[in-house]
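Colleague: Handing over data_18.pdb, PDB, C-alpha atoms.
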ATOM      1  CA  GLN A   4      16.644   7.751 -19.411  1.00  0.00           C
ATOM      2  CA  VAL A   5      14.900   7.384 -16.066  1.00  0.00           C
ATOM      3  CA  GLN A   6      16.814   5.621 -13.321  1.00  0.00           C
ATOM      4  CA  LEU A   7      15.958   4.809  -9.724  1.00  0.00           C
ATOM      5  CA  VAL A   8      18.870   3.680  -7.601  1.00  0.00           C
ATOM      6  CA  GLU A   9      18.342   2.352  -4.077  1.00  0.00           C
ATOM      7  CA  SER A  10      20.977   2.247  -1.381  1.00  0.00           C
ATOM      8  CA  GLY A  11      21.268   1.655   2.335  1.00  0.00           C
ATOM      9  CA  GLY A  12      20.298  -1.972   2.744  1.00  0.00           C
ATOM     10  CA  GLY A  13      22.224  -4.367   4.923  1.00  0.00           C
ATOM     11  CA  LEU A  14      22.179  -6.762   7.828  1.00  0.00           C
ATOM     12  CA  VAL A  15      20.744  -5.669  11.159  1.00  0.00           C
ATOM     13  CA  GLN A  16      19.600  -7.368  14.342  1.00  0.00           C
ATOM     14  CA  ALA A  17      15.952  -7.445  15.312  1.00  0.00           C
ATOM     15  CA  GLY A  18      14.975  -4.203  16.994  1.00  0.00           C
ATOM     16  CA  GLY A  19      17.545  -2.245  15.027  1.00  0.00           C
ATOM     17  CA  SER A  20      17.160   0.456  12.394  1.00  0.00           C
ATOM     18  CA  LEU A  21      18.112   1.019   8.772  1.00  0.00           C
ATOM     19  CA  GLY A  22      17.594   3.881   6.367  1.00  0.00           C
ATOM     20  CA  LEU A  23      17.078   3.392   2.648  1.00  0.00           C
ATOM     21  CA  SER A  24      17.472   5.985  -0.087  1.00  0.00           C
ATOM     22  CA  CYS A  25      16.274   6.033  -3.674  1.00  0.00           C
ATOM     23  CA  ALA A  26      17.838   8.572  -6.000  1.00  0.00           C
ATOM     24  CA  ALA A  27      15.873   9.357  -9.146  1.00  0.00           C
ATOM     25  CA  SER A  28      17.401  10.735 -12.312  1.00  0.00           C
ATOM     26  CA  GLY A  29      16.205  11.455 -15.810  1.00  0.00           C
ATOM     27  CA  ARG A  30      12.884  12.859 -14.653  1.00  0.00           C
ATOM     28  CA  THR A  31      11.495  14.829 -11.735  1.00  0.00           C
ATOM     29  CA  PHE A  32       8.977  12.919  -9.624  1.00  0.00           C
ATOM     30  CA  ASN A  33       8.317  15.582  -7.005  1.00  0.00           C
ATOM     31  CA  THR A  34       4.611  15.806  -7.736  1.00  0.00           C
ATOM     32  CA  TYR A  35       4.070  12.193  -8.762  1.00  0.00           C
ATOM     33  CA  PRO A  36       3.511   9.111  -6.605  1.00  0.00           C
ATOM     34  CA  MET A  37       6.505   7.185  -5.400  1.00  0.00           C
ATOM     35  CA  GLY A  38       6.504   4.077  -3.321  1.00  0.00           C
ATOM     36  CA  TRP A  39       8.517   1.458  -1.510  1.00  0.00           C
ATOM     37  CA  PHE A  40       7.821  -2.206  -2.121  1.00  0.00           C
ATOM     38  CA  ARG A  41       9.479  -5.363  -0.864  1.00  0.00           C
ATOM     39  CA  GLN A  42       9.671  -8.977  -1.908  1.00  0.00           C
ATOM     40  CA  ALA A  43      10.737 -11.848   0.288  1.00  0.00           C
ATOM     41  CA  PRO A  44      11.829 -15.211  -1.169  1.00  0.00           C
ATOM     42  CA  GLY A  45       8.825 -17.225  -2.262  1.00  0.00           C
ATOM     43  CA  LYS A  46       6.419 -14.352  -1.693  1.00  0.00           C
ATOM     44  CA  GLU A  47       4.748 -11.775  -3.878  1.00  0.00           C
ATOM     45  CA  ARG A  48       5.954  -8.223  -4.039  1.00  0.00           C
ATOM     46  CA  GLU A  49       4.053  -6.083  -1.544  1.00  0.00           C
ATOM     47  CA  VAL A  50       3.737  -2.390  -0.907  1.00  0.00           C
ATOM     48  CA  VAL A  51       5.446  -0.910   2.130  1.00  0.00           C
ATOM     49  CA  ALA A  52       4.716   2.799   1.767  1.00  0.00           C
ATOM     50  CA  GLY A  53       3.525   5.318  -0.770  1.00  0.00           C
ATOM     51  CA  ILE A  54       3.906   9.078  -1.079  1.00  0.00           C
ATOM     52  CA  LEU A  55       1.163  10.193  -3.408  1.00  0.00           C
ATOM     53  CA  TRP A  56       1.673  13.931  -3.698  1.00  0.00           C
ATOM     54  CA  SER A  57       4.361  16.410  -2.795  1.00  0.00           C
ATOM     55  CA  GLY A  58       5.238  14.608   0.424  1.00  0.00           C
ATOM     56  CA  SER A  59       2.456  15.318   2.872  1.00  0.00           C
ATOM     57  CA  SER A  60       0.289  12.375   1.863  1.00  0.00           C
ATOM     58  CA  THR A  61       2.062   9.237   2.994  1.00  0.00           C
ATOM     59  CA  TYR A  62       0.467   5.829   3.357  1.00  0.00           C
ATOM     60  CA  TYR A  63       1.747   2.606   4.889  1.00  0.00           C
ATOM     61  CA  ALA A  64       1.048  -1.075   4.893  1.00  0.00           C
ATOM     62  CA  ASP A  65      -0.449  -2.164   8.210  1.00  0.00           C
ATOM     63  CA  SER A  66       2.569  -4.374   8.890  1.00  0.00           C
ATOM     64  CA  VAL A  67       4.934  -1.390   9.065  1.00  0.00           C
ATOM     65  CA  LYS A  68       2.767   1.386  10.500  1.00  0.00           C
ATOM     66  CA  GLY A  69       4.421   3.045  13.447  1.00  0.00           C
ATOM     67  CA  ARG A  70       7.815   1.575  12.580  1.00  0.00           C
ATOM     68  CA  PHE A  71       8.621   2.841   9.074  1.00  0.00           C
ATOM     69  CA  THR A  72       8.624   6.416   7.829  1.00  0.00           C
ATOM     70  CA  ALA A  73       8.739   7.362   4.161  1.00  0.00           C
ATOM     71  CA  SER A  74       9.746  10.824   3.009  1.00  0.00           C
ATOM     72  CA  ARG A  75      11.183  12.579   0.018  1.00  0.00           C
ATOM     73  CA  ASP A  76      13.400  15.515  -0.762  1.00  0.00           C
ATOM     74  CA  GLY A  77      12.097  17.270  -3.840  1.00  0.00           C
ATOM     75  CA  ALA A  78      15.251  19.284  -4.349  1.00  0.00           C
ATOM     76  CA  ARG A  79      17.314  16.098  -4.431  1.00  0.00           C
ATOM     77  CA  ASN A  80      14.679  14.042  -6.289  1.00  0.00           C
ATOM     78  CA  THR A  81      15.250  11.391  -3.643  1.00  0.00           C
ATOM     79  CA  LEU A  82      12.925   9.083  -1.734  1.00  0.00           C
ATOM     80  CA  TYR A  83      13.743   7.775   1.733  1.00  0.00           C
ATOM     81  CA  LEU A  84      12.541   5.005   4.008  1.00  0.00           C
ATOM     82  CA  GLN A  85      13.505   5.021   7.667  1.00  0.00           C
ATOM     83  CA  MET A  86      12.915   1.627   9.230  1.00  0.00           C
ATOM     84  CA  ASN A  87      12.894   1.273  13.008  1.00  0.00           C
ATOM     85  CA  ASN A  88      12.230  -1.650  15.324  1.00  0.00           C
ATOM     86  CA  LEU A  89      12.977  -4.063  12.501  1.00  0.00           C
ATOM     87  CA  LYS A  90      11.687  -7.621  12.703  1.00  0.00           C
ATOM     88  CA  PRO A  91      12.930 -10.798  11.005  1.00  0.00           C
ATOM     89  CA  GLU A  92       9.778 -10.773   8.864  1.00  0.00           C
ATOM     90  CA  ASP A  93      10.929  -7.475   7.363  1.00  0.00           C
ATOM     91  CA  THR A  94      13.707  -9.360   5.586  1.00  0.00           C
ATOM     92  CA  ALA A  95      13.257  -8.810   1.857  1.00  0.00           C
ATOM     93  CA  LEU A  96      14.562  -7.122  -1.247  1.00  0.00           C
ATOM     94  CA  TYR A  97      13.319  -3.542  -1.070  1.00  0.00           C
ATOM     95  CA  TYR A  98      12.455  -1.607  -4.218  1.00  0.00           C
ATOM     96  CA  CYS A  99      11.513   1.973  -4.866  1.00  0.00           C
ATOM     97  CA  ALA A 100       9.075   2.770  -7.628  1.00  0.00           C
ATOM     98  CA  ALA A 101       7.649   5.822  -9.356  1.00  0.00           C
ATOM     99  CA  ALA A 102       4.381   6.382 -11.158  1.00  0.00           C
ATOM    100  CA  THR A 103       3.615   8.910 -13.888  1.00  0.00           C
ATOM    101  CA  ARG A 104      -0.064   9.441 -13.094  1.00  0.00           C
ATOM    102  CA  ARG A 105      -2.012  10.335 -10.016  1.00  0.00           C
ATOM    103  CA  LEU A 106      -2.921   7.535  -7.648  1.00  0.00           C
ATOM    104  CA  SER A 107      -5.802   7.844  -5.245  1.00  0.00           C
ATOM    105  CA  PRO A 108      -5.566   7.097  -1.529  1.00  0.00           C
ATOM    106  CA  SER A 109      -9.246   6.220  -1.520  1.00  0.00           C
ATOM    107  CA  ASP A 110      -8.785   3.036  -3.495  1.00  0.00           C
ATOM    108  CA  SER A 111      -6.063   0.409  -3.540  1.00  0.00           C
ATOM    109  CA  SER A 112      -4.267   1.689  -6.629  1.00  0.00           C
ATOM    110  CA  TRP A 113      -1.295   3.064  -4.674  1.00  0.00           C
ATOM    111  CA  GLN A 114      -0.699  -0.436  -3.303  1.00  0.00           C
ATOM    112  CA  ARG A 115      -0.554  -2.179  -6.681  1.00  0.00           C
ATOM    113  CA  SER A 116       2.860  -2.638  -8.251  1.00  0.00           C
ATOM    114  CA  SER A 117       1.241  -2.535 -11.697  1.00  0.00           C
ATOM    115  CA  GLU A 118       0.421   1.155 -11.187  1.00  0.00           C
ATOM    116  CA  TYR A 119       4.101   2.121 -11.057  1.00  0.00           C
ATOM    117  CA  ASP A 120       6.109   2.708 -14.216  1.00  0.00           C
ATOM    118  CA  TYR A 121       9.706   2.859 -13.044  1.00  0.00           C
ATOM    119  CA  TRP A 122      11.560   0.582 -10.655  1.00  0.00           C
ATOM    120  CA  GLY A 123      14.942   0.457  -9.011  1.00  0.00           C
ATOM    121  CA  GLN A 124      17.098  -2.636  -8.909  1.00  0.00           C
ATOM    122  CA  GLY A 125      16.401  -3.294  -5.222  1.00  0.00           C
ATOM    123  CA  THR A 126      18.461  -3.337  -2.066  1.00  0.00           C
ATOM    124  CA  GLN A 127      18.581  -6.264   0.343  1.00  0.00           C
ATOM    125  CA  VAL A 128      17.480  -5.872   3.952  1.00  0.00           C
ATOM    126  CA  THR A 129      18.174  -8.790   6.265  1.00  0.00           C
ATOM    127  CA  VAL A 130      17.016  -8.791   9.869  1.00  0.00           C
ATOM    128  CA  SER A 131      18.476 -11.447  12.152  1.00  0.00           C
ATOM    129  CA  SER A 132      16.649 -12.718  15.214  1.00  0.00           C
TER     130      SER A 132
END
Kindly present the structure from the file in structure tokens form.
Modeller:
Amino acid sequence: QVQLVESGGGLVQAGGSLGLSCAASGRTFNTYPMGWFRQAPGKEREVVAGILWSGSSTYYADSVKGRFTASRDGARNTLYLQMNNLKPEDTALYYCAAATRRLSPSDSSWQRSSEYDYWGQGTQVTVSS
């Protein structure tokens, strides 16, 4: 049984930092796409970052470029998201997700939640102003 379990969310002041982790079990995703998504109240789920291959190909939503860094540890089957210079608009429930087929960086597939097959339960990030 595949499980993705996020951790590391919390409350932080604007300008602060948080690190999220997503531990995968039941299957190895080292060579498959994994991503971070978030959903704020009343808004649609949106992509934050995607790692499409073994870790060297990482893509970000424009809203987080330069502030967030996604990475993964293949040996630990774990995905990470380091979030710096957080803003109140980053407040959301953050999810990690894993796909079981290749996603291309040349189209928008890596940004679509429907392309991912497994999801964690989410971890709340709240940024106060």
Colleague: Out of A:Met37, A:Val128, A:Leu82, A:Ala17, which residue has the shortest atom-to-atom distance to Tyr97 of chain A when counting all atoms listed in the file?
Modeller: A:Val128
Colleague: Write out as a PyMOL selection string each polymer residue whose atoms come within 10 Å of Ser116 of chain A, counting only C-alpha atoms; drop sequence neighbours fewer than 6 positions from it.
Modeller: chain A and resi 38-40+48-50+100-102+122
Colleague: Given the choices A:Ser132, A:Gln124, A:Thr94, A:Ser112, which gets closest to Gly13 of chain A if the distance is worked out from all atoms listed in the file?
Modeller: A:Thr94
Colleague: To one decimal place, how far is atom CA of Pro108 of chain A from atom CA of Cys25 of chain A in Å?
Modeller: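 Straight-line distance from atom CA of Pro108 of chain A to atom CA of Cys25 of chain A works out to 22.0 Å.
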Colleague: Just give me the gap between atom CA of Thr103 of chain A and atom CA of Tyr35 of chain A in Å, one decimal is fine.
Modeller: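 So the answer is 6.1 Å.
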Colleague: What is the distance, in Å and to one decimal place, between atom CA of Pro44 of chain A and atom CA of Ser66 of chain A?
Modeller: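 Those two atoms sit 17.4 Å apart.
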Colleague: Scan for residues within 10 Å of the point (17.3, -2.9, 11.0) in the coordinates of the file, using all atoms listed in the file, and reply as a PyMOL selection string.
Modeller: chain A and resi 12-22+85-91+93-94+128-131
Colleague: Quick one: of A:Leu84, A:Ala26, A:Ala95, A:Ala64, who's nearest to Arg41 of chain A, counting all atoms listed in the file?
Modeller: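 The answer is A:Ala95, which sits nearest to Arg41 of chain A.
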Colleague: Just checking: using only C-alpha atoms, which residue out of A:Ala27, A:Val67, A:Ile54, A:Val8 ends up closest to Arg79 of chain A?
Modeller: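 Checking each of A:Ala27, A:Val67, A:Ile54, A:Val8 against Arg79 of chain A, counting only C-alpha atoms, the winner is A:Ala27.
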Colleague: Using all atoms listed in the file, which of the listed residues (A:Gly29, A:Ser107, A:Gly77, A:Glu118) sits closest to Gln6 of chain A?
Modeller: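 Closest candidate: A:Gly29.
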Colleague: Measuring atom to atom with only C-alpha atoms, identify which of A:Thr72, A:Thr61, A:Gln127, A:Thr81 is nearest to Trp113 of chain A.
Modeller: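 Using only C-alpha atoms, Trp113 of chain A sits closest to A:Thr61.
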Colleague: Evaluate the PyMOL selection byres ((chain A and resi 83) around 6) here and jot the selected residues down as an MDAnalysis selection string.
Modeller: chainID A and resid 23:24 73:75 82 84
Colleague: Place all heavy atoms on segment 80-91 of chain A and deliver the coordinates as a compact mmCIF listing (two decimals), keeping the file's coordinate frame.
Modeller:
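Generated output (rebuild_4.txt):
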# COMPACT_ATOMS: atom_id res chain seq x y z
N ASN A 80 15.38 15.08 -5.52
CA ASN A 80 14.68 14.04 -6.29
C ASN A 80 14.96 12.66 -5.69
O ASN A 80 15.26 11.70 -6.42
CB ASN A 80 15.11 14.08 -7.76
CG ASN A 80 14.01 13.66 -8.72
OD1 ASN A 80 12.82 13.68 -8.38
ND2 ASN A 80 14.39 13.27 -9.93
N THR A 81 14.87 12.60 -4.37
CA THR A 81 15.25 11.39 -3.64
C THR A 81 14.14 10.99 -2.68
O THR A 81 13.54 11.83 -2.02
CB THR A 81 16.56 11.62 -2.86
OG1 THR A 81 17.60 11.93 -3.80
CG2 THR A 81 16.96 10.37 -2.09
N LEU A 82 13.91 9.68 -2.62
CA LEU A 82 12.92 9.08 -1.73
C LEU A 82 13.67 8.37 -0.61
O LEU A 82 14.73 7.79 -0.85
CB LEU A 82 12.07 8.09 -2.52
CG LEU A 82 10.93 7.39 -1.81
CD1 LEU A 82 9.80 8.37 -1.51
CD2 LEU A 82 10.42 6.23 -2.67
N TYR A 83 13.10 8.40 0.59
CA TYR A 83 13.74 7.78 1.73
C TYR A 83 12.77 6.83 2.44
O TYR A 83 11.55 6.99 2.38
CB TYR A 83 14.20 8.83 2.74
CG TYR A 83 15.17 9.85 2.19
CD1 TYR A 83 14.73 11.08 1.75
CD2 TYR A 83 16.53 9.55 2.08
CE1 TYR A 83 15.61 12.03 1.24
CE2 TYR A 83 17.42 10.49 1.57
CZ TYR A 83 16.95 11.71 1.15
OH TYR A 83 17.83 12.63 0.63
N LEU A 84 13.33 5.88 3.14
CA LEU A 84 12.54 5.00 4.01
C LEU A 84 13.35 4.75 5.27
O LEU A 84 14.40 4.10 5.22
CB LEU A 84 12.20 3.67 3.32
CG LEU A 84 11.29 2.75 4.13
CD1 LEU A 84 9.89 3.36 4.24
CD2 LEU A 84 11.20 1.36 3.48
N GLN A 85 12.88 5.28 6.37
CA GLN A 85 13.50 5.02 7.67
C GLN A 85 12.77 3.86 8.32
O GLN A 85 11.55 3.93 8.50
CB GLN A 85 13.45 6.26 8.56
CG GLN A 85 14.04 6.06 9.94
CD GLN A 85 15.52 5.72 9.90
OE1 GLN A 85 16.26 6.24 9.06
NE2 GLN A 85 15.94 4.82 10.78
N MET A 86 13.51 2.84 8.67
CA MET A 86 12.92 1.63 9.23
C MET A 86 13.43 1.43 10.65
O MET A 86 14.65 1.27 10.84
CB MET A 86 13.27 0.42 8.36
CG MET A 86 12.88 0.60 6.90
SD MET A 86 13.26 -0.85 5.89
CE MET A 86 15.04 -0.82 5.94
N ASN A 87 12.54 1.45 11.60
CA ASN A 87 12.89 1.27 13.01
C ASN A 87 12.24 0.02 13.56
O ASN A 87 11.27 -0.49 12.99
CB ASN A 87 12.44 2.48 13.83
CG ASN A 87 13.11 3.76 13.40
OD1 ASN A 87 14.28 3.77 12.98
ND2 ASN A 87 12.39 4.86 13.48
N ASN A 88 12.77 -0.45 14.67
CA ASN A 88 12.23 -1.65 15.32
C ASN A 88 12.03 -2.78 14.31
O ASN A 88 10.95 -3.37 14.22
CB ASN A 88 10.91 -1.32 16.02
CG ASN A 88 10.43 -2.45 16.92
OD1 ASN A 88 11.21 -3.29 17.34
ND2 ASN A 88 9.14 -2.47 17.19
N LEU A 89 13.07 -3.06 13.56
CA LEU A 89 12.98 -4.06 12.50
C LEU A 89 12.76 -5.46 13.06
O LEU A 89 13.25 -5.79 14.16
CB LEU A 89 14.24 -4.03 11.64
CG LEU A 89 14.27 -2.87 10.64
CD1 LEU A 89 15.69 -2.58 10.19
CD2 LEU A 89 13.39 -3.19 9.45
N LYS A 90 12.02 -6.25 12.32
CA LYS A 90 11.69 -7.62 12.70
C LYS A 90 12.21 -8.58 11.64
O LYS A 90 12.38 -8.19 10.47
CB LYS A 90 10.18 -7.77 12.82
CG LYS A 90 9.53 -6.79 13.78
CD LYS A 90 8.02 -6.94 13.77
CE LYS A 90 7.36 -5.95 14.71
NZ LYS A 90 5.88 -6.08 14.72
N PRO A 91 12.46 -9.83 12.01
CA PRO A 91 12.93 -10.80 11.00
C PRO A 91 12.00 -10.89 9.79
O PRO A 91 12.48 -11.10 8.67
CB PRO A 91 12.97 -12.11 11.79
CG PRO A 91 13.23 -11.68 13.19
CD PRO A 91 12.48 -10.40 13.36
